[in-house]
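Peer 1: This is the structure I have questions about; it appears just below.
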Amino acid sequence: SISYLIDVYRKDIPVETSLLKLSTYICMFPQLVAGPIVTYQEVKKQLDHPVTTWKGFDSGLKDFSAGLIMKVLLADRLSLLFKEIAGMGYISAPASVLWLGSVGYSLQIYFDFFGYSMMAIGLGRMLGFKLPVNFDLPYMSTSVREFYRRWHITLGRWFAKYVYIPLGGSRKGKIRKWVNLILVFVVSGIWHGSGLRYIAWGLMHAGYQIAGEMTVGIRKGLYRMFRIPEDSFLAELLRKGTTLFLVMLAWIVFRAESLRTA
C-alpha cells in the first residue's frame, strides 16, 4: 500500500480507478503474509489481462509443493532441534550443542522463509500471476552485501527504492552512504519485529557491510601475504565461509529472546 501511494505521488504510475483491481493487489493472498513484496507496477498488466493456463497451473503446483516440502519436512523438523536446546538451558548446554543449534536455526529460517515464498509464487502462478523470485541461494554468497541481495530480494529492493535512494544512497560521499545504510537496516530490523534484538540484528548487517568496505585493502594484503590468489577456489571458500559465519552470528541475535540471552 505504501509503495502504491508513493508511486502515485511521484507520478510513476497513474491512479488506479478500479476499486476491484486495487483491492485485489493489496489483498493478494499468495504474497500477503511473508512476500514476495510486489509493487503495483509489476502486476498492473496482469490485473488488466489475467492469463490462466493448465501449463501455468501445473508449474505453479510444482513450486507450491516444493515450498510445502521445505516448510513442513525441513524447517519444522529443524525447529525442534532449537526447541530442545532451549529446553536444556543456554547456560548448562555445551558450547558444541549451542553452535549446532545456531546452524540448525540458520537452516530453519532459510527453508521456512524460502518455502513460504515458493508457495506464494506457486499459488500466484496457479491463479495466473507471475510473482518475482525472492531467494537466490543466499548462503552461497561471498560477502554480506551479496547475501542481502540474495536474501528476501524483494524486501531489499523495496528498501533501496523507497528508503535508501531517497536518503541519497551512495551519491553524497562515503560517510553519508554509511549513515544511510545504518538507517535502512534499522528500519529493516523494525520491519521484522518489535524489540531491541531486531534493531541489533539490523545494525550488525550494516556494520558488516561498512567493515567490508573499510577492510578491502587489508584483506587483499592478507591474500598476498599467504600467497592465495583472489580468484582461487580457496579464496572463494574463505569468503563464503566467513560470510556464512557472520550471518549465523546475526541470526543468533535475531532468534534469541533478548540481547542478554544472545
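Naming works like this for the C-alpha cells: A, B, ... for the chains as they're shown, residue 1 at the start of each chain, ligands 1 onward in shown order.
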Which parts of stretch 94-185 of chain A does DSSP call alpha helix (DSSP H) when run on the backbone here, written out as a ChimeraX atom specification?

Peer 2: /A:95-126,144-150,153-159,174-185

Peer 1: Per residue of stretch 146-190 of chain A within 6 Å of stretch 114-135 of chain A, record the nearest atom pair and its distance in Å to one decimal, counting only C-alpha atoms, with rows in chain order and ascending residue number, as JSON lines.

Peer 2:
```
{"residue": "A:Arg150", "atom": "CA", "partner": "A:Phe135", "partner_atom": "CA", "distance": 5.5}
{"residue": "A:Trp151", "atom": "CA", "partner": "A:Phe135", "partner_atom": "CA", "distance": 5.2}
{"residue": "A:His152", "atom": "CA", "partner": "A:Asn134", "partner_atom": "CA", "distance": 5.1}
{"residue": "A:Ile153", "atom": "CA", "partner": "A:Asn134", "partner_atom": "CA", "distance": 4.9}
{"residue": "A:Thr154", "atom": "CA", "partner": "A:Asn134", "partner_atom": "CA", "distance": 5.9}
```

Peer 1: Those residues you just picked out, can you put them in a file as a PDB file, in the first residue's frame with N, CA and C atoms?

Peer 2:
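Result file out-v7.pdb:
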```pdb
ATOM      1  N   ARG A 150      20.659 -11.420  -2.134  1.00  0.00           N
ATOM      2  CA  ARG A 150      20.109 -12.732  -2.481  1.00  0.00           C
ATOM      3  C   ARG A 150      19.026 -13.196  -1.505  1.00  0.00           C
ATOM      4  N   TRP A 151      18.999 -12.582  -0.294  1.00  0.00           N
ATOM      5  CA  TRP A 151      18.059 -12.990   0.748  1.00  0.00           C
ATOM      6  C   TRP A 151      16.876 -12.032   0.742  1.00  0.00           C
ATOM      7  N   HIS A 152      15.659 -12.548   0.686  1.00  0.00           N
ATOM      8  CA  HIS A 152      14.437 -11.727   0.653  1.00  0.00           C
ATOM      9  C   HIS A 152      14.652 -10.554  -0.321  1.00  0.00           C
ATOM     10  N   ILE A 153      14.892 -10.929  -1.576  1.00  0.00           N
ATOM     11  CA  ILE A 153      15.287  -9.972  -2.620  1.00  0.00           C
ATOM     12  C   ILE A 153      14.297  -8.824  -2.741  1.00  0.00           C
ATOM     13  N   THR A 154      13.011  -9.134  -2.663  1.00  0.00           N
ATOM     14  CA  THR A 154      12.002  -8.095  -2.871  1.00  0.00           C
ATOM     15  C   THR A 154      11.973  -7.083  -1.739  1.00  0.00           C
TER      16      THR A 154
END
```

Peer 1: Skip A:Met70 itself and residues of its chain fewer than 3 positions away, then list as a ChimeraX atom specification all residues within 9 Å of it, counting only C-alpha atoms.

Peer 2: /A:65-67,73-76,111-116

Peer 1: Go ahead and save the residues from that selection, with N, CA, C and O atoms, as a compact mmCIF listing (two decimals), in the first residue's frame.

Peer 2:
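To be explicit, this is the file written out as out.txt:
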```txt
# COMPACT_ATOMS: atom_id res chain seq x y z
N SER A 65 4.31 -27.19 -4.14
CA SER A 65 4.67 -28.45 -3.48
C SER A 65 6.10 -28.41 -2.95
O SER A 65 6.37 -28.87 -1.83
N ALA A 66 7.02 -27.85 -3.75
CA ALA A 66 8.41 -27.72 -3.31
C ALA A 66 8.51 -26.85 -2.06
O ALA A 66 9.23 -27.17 -1.11
N GLY A 67 7.77 -25.75 -2.07
CA GLY A 67 7.77 -24.86 -0.90
C GLY A 67 7.19 -25.53 0.33
O GLY A 67 7.69 -25.36 1.44
N LEU A 73 8.74 -30.51 5.94
CA LEU A 73 9.69 -31.60 6.15
C LEU A 73 11.07 -31.13 6.61
O LEU A 73 11.80 -31.89 7.24
N LEU A 74 11.44 -29.89 6.27
CA LEU A 74 12.77 -29.40 6.66
C LEU A 74 12.70 -28.37 7.78
O LEU A 74 13.22 -28.60 8.87
N ALA A 75 12.03 -27.23 7.53
CA ALA A 75 12.01 -26.15 8.52
C ALA A 75 11.38 -26.58 9.84
O ALA A 75 11.94 -26.34 10.92
N ASP A 76 10.22 -27.20 9.78
CA ASP A 76 9.52 -27.59 11.01
C ASP A 76 10.29 -28.64 11.80
O ASP A 76 10.25 -28.67 13.03
N PHE A 111 14.81 -22.35 5.09
CA PHE A 111 13.83 -23.24 4.47
C PHE A 111 12.40 -22.78 4.78
O PHE A 111 11.50 -22.96 3.96
N ASP A 112 12.20 -22.18 5.96
CA ASP A 112 10.88 -21.69 6.33
C ASP A 112 10.47 -20.53 5.42
O ASP A 112 9.41 -20.55 4.81
N PHE A 113 11.34 -19.55 5.32
CA PHE A 113 11.04 -18.34 4.54
C PHE A 113 11.04 -18.63 3.04
O PHE A 113 10.17 -18.16 2.30
N PHE A 114 12.03 -19.38 2.59
CA PHE A 114 12.11 -19.76 1.17
C PHE A 114 10.90 -20.60 0.80
O PHE A 114 10.31 -20.45 -0.28
N GLY A 115 10.51 -21.51 1.73
CA GLY A 115 9.35 -22.35 1.48
C GLY A 115 8.07 -21.53 1.32
O GLY A 115 7.28 -21.74 0.40
N TYR A 116 7.88 -20.55 2.21
CA TYR A 116 6.72 -19.67 2.12
C TYR A 116 6.71 -18.92 0.78
O TYR A 116 5.67 -18.79 0.13
```

Peer 1: Give me the residues near stretch 78-89 of chain A as a list in words, where near means some atom within 9 Å (using only C-alpha atoms) and where sequence neighbours in that chain fewer than 6 positions away do not count.

Peer 2: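 Once the nearby chain positions are removed, what remains is Val97, Leu98, Leu100, Gly101, Ser102, Gly104, Tyr105, Leu107, Gln108 and Ile109 of chain A.
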
Peer 1: Give me the residues within 12 Å of stretch 7-24 of chain A as a list in words, counting only C-alpha atoms and dropping any in the same chain fewer than 3 places off.

Peer 2: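 With the cut-off at 12 Å, the set is Ser1, Ile2, Ser3, Tyr4, Cys27, Met28, Phe29, Pro30, Gln31, Leu32, Thr39, Tyr40, Gln41, Glu42, Val43, Lys44, Lys45, Gln46, Leu47, Asp48, His49, Pro50, Phe129, Trp158, Lys161, Tyr162 and Pro166 of chain A.
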
Peer 1: Within 10 Å of stretch 227-250 of chain A, which residues of stretch 96-215 of chain A come that close, and what is the closest atom pair and distance in Å for each? Count only C-alpha atoms and give it as a Markdown table.

Peer 2:
```
| residue | atom | partner | partner_atom | distance |
| --- | --- | --- | --- | --- |
| A:Trp99 | CA | A:Met248 | CA | 9.6 |
| A:Ser102 | CA | A:Met248 | CA | 6.8 |
| A:Val103 | CA | A:Met248 | CA | 7.0 |
| A:Gly104 | CA | A:Met248 | CA | 9.9 |
| A:Tyr105 | CA | A:Met248 | CA | 8.6 |
| A:Ser106 | CA | A:Met248 | CA | 6.2 |
| A:Leu107 | CA | A:Met248 | CA | 9.6 |
| A:Pro138 | CA | A:Leu244 | CA | 9.2 |
| A:Tyr139 | CA | A:Leu244 | CA | 6.3 |
| A:Met140 | CA | A:Lys240 | CA | 6.2 |
| A:Ser141 | CA | A:Lys240 | CA | 5.8 |
| A:Thr142 | CA | A:Lys240 | CA | 4.4 |
| A:Ser143 | CA | A:Thr243 | CA | 5.4 |
| A:Val144 | CA | A:Thr243 | CA | 5.7 |
| A:Arg145 | CA | A:Thr243 | CA | 9.3 |
| A:Glu146 | CA | A:Thr243 | CA | 9.3 |
| A:Phe147 | CA | A:Thr243 | CA | 7.9 |
| A:Tyr148 | CA | A:Val247 | CA | 9.8 |
| A:Arg197 | CA | A:Ala250 | CA | 9.6 |
| A:Tyr198 | CA | A:Ala250 | CA | 9.6 |
| A:Ala200 | CA | A:Ala250 | CA | 8.4 |
| A:Trp201 | CA | A:Ala250 | CA | 5.6 |
| A:Gly202 | CA | A:Ala250 | CA | 8.4 |
| A:Leu203 | CA | A:Ala250 | CA | 9.4 |
| A:Met204 | CA | A:Ala250 | CA | 6.5 |
| A:His205 | CA | A:Ala250 | CA | 7.5 |
| A:Tyr208 | CA | A:Leu246 | CA | 7.9 |
```

Peer 1: In Å to one decimal, how far is atom CA of A:Phe254 from atom CA of A:Ile199?

Peer 2: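 Atom-to-atom, atom CA of A:Ile199 and atom CA of A:Phe254 are spaced 8.9 Å apart.
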
Peer 1: Rounded to one decimal place, report the atom CA of A:Tyr164-atom CA of A:Leu181 distance in Å.

Peer 2: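 Atom CA of A:Leu181 lies 7.2 Å from atom CA of A:Tyr164.
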
Peer 1: Between A:Ser92, A:Arg255, A:Gly169, A:Ile218, single out the one closest to A:Leu183, counting only C-alpha atoms.

Peer 2: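 The answer is A:Gly169, which sits nearest to A:Leu183.
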
Peer 1: I'd like to know which of A:Val163, A:Ala211, A:Ile26, A:Ile91 is closest to A:Arg260, using only C-alpha atoms.

Peer 2: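 Using only C-alpha atoms, the shortest distance to A:Arg260 belongs to A:Ile91.
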
Peer 1: For each of A:Trp54, A:Gly195, A:Leu155, A:Arg149, take the minimum atom-to-atom distance to A:Pro36, counting only C-alpha atoms, then give the residue where this is smallest.

Peer 2: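 Among A:Trp54, A:Gly195, A:Leu155, A:Arg149, it is A:Leu155 that comes nearest to A:Pro36.
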
Peer 1: Could you jot down the atom CA of A:Tyr25 to atom CA of A:Leu68 separation for me, Å, one decimal place?

Peer 2: 23.7 Å
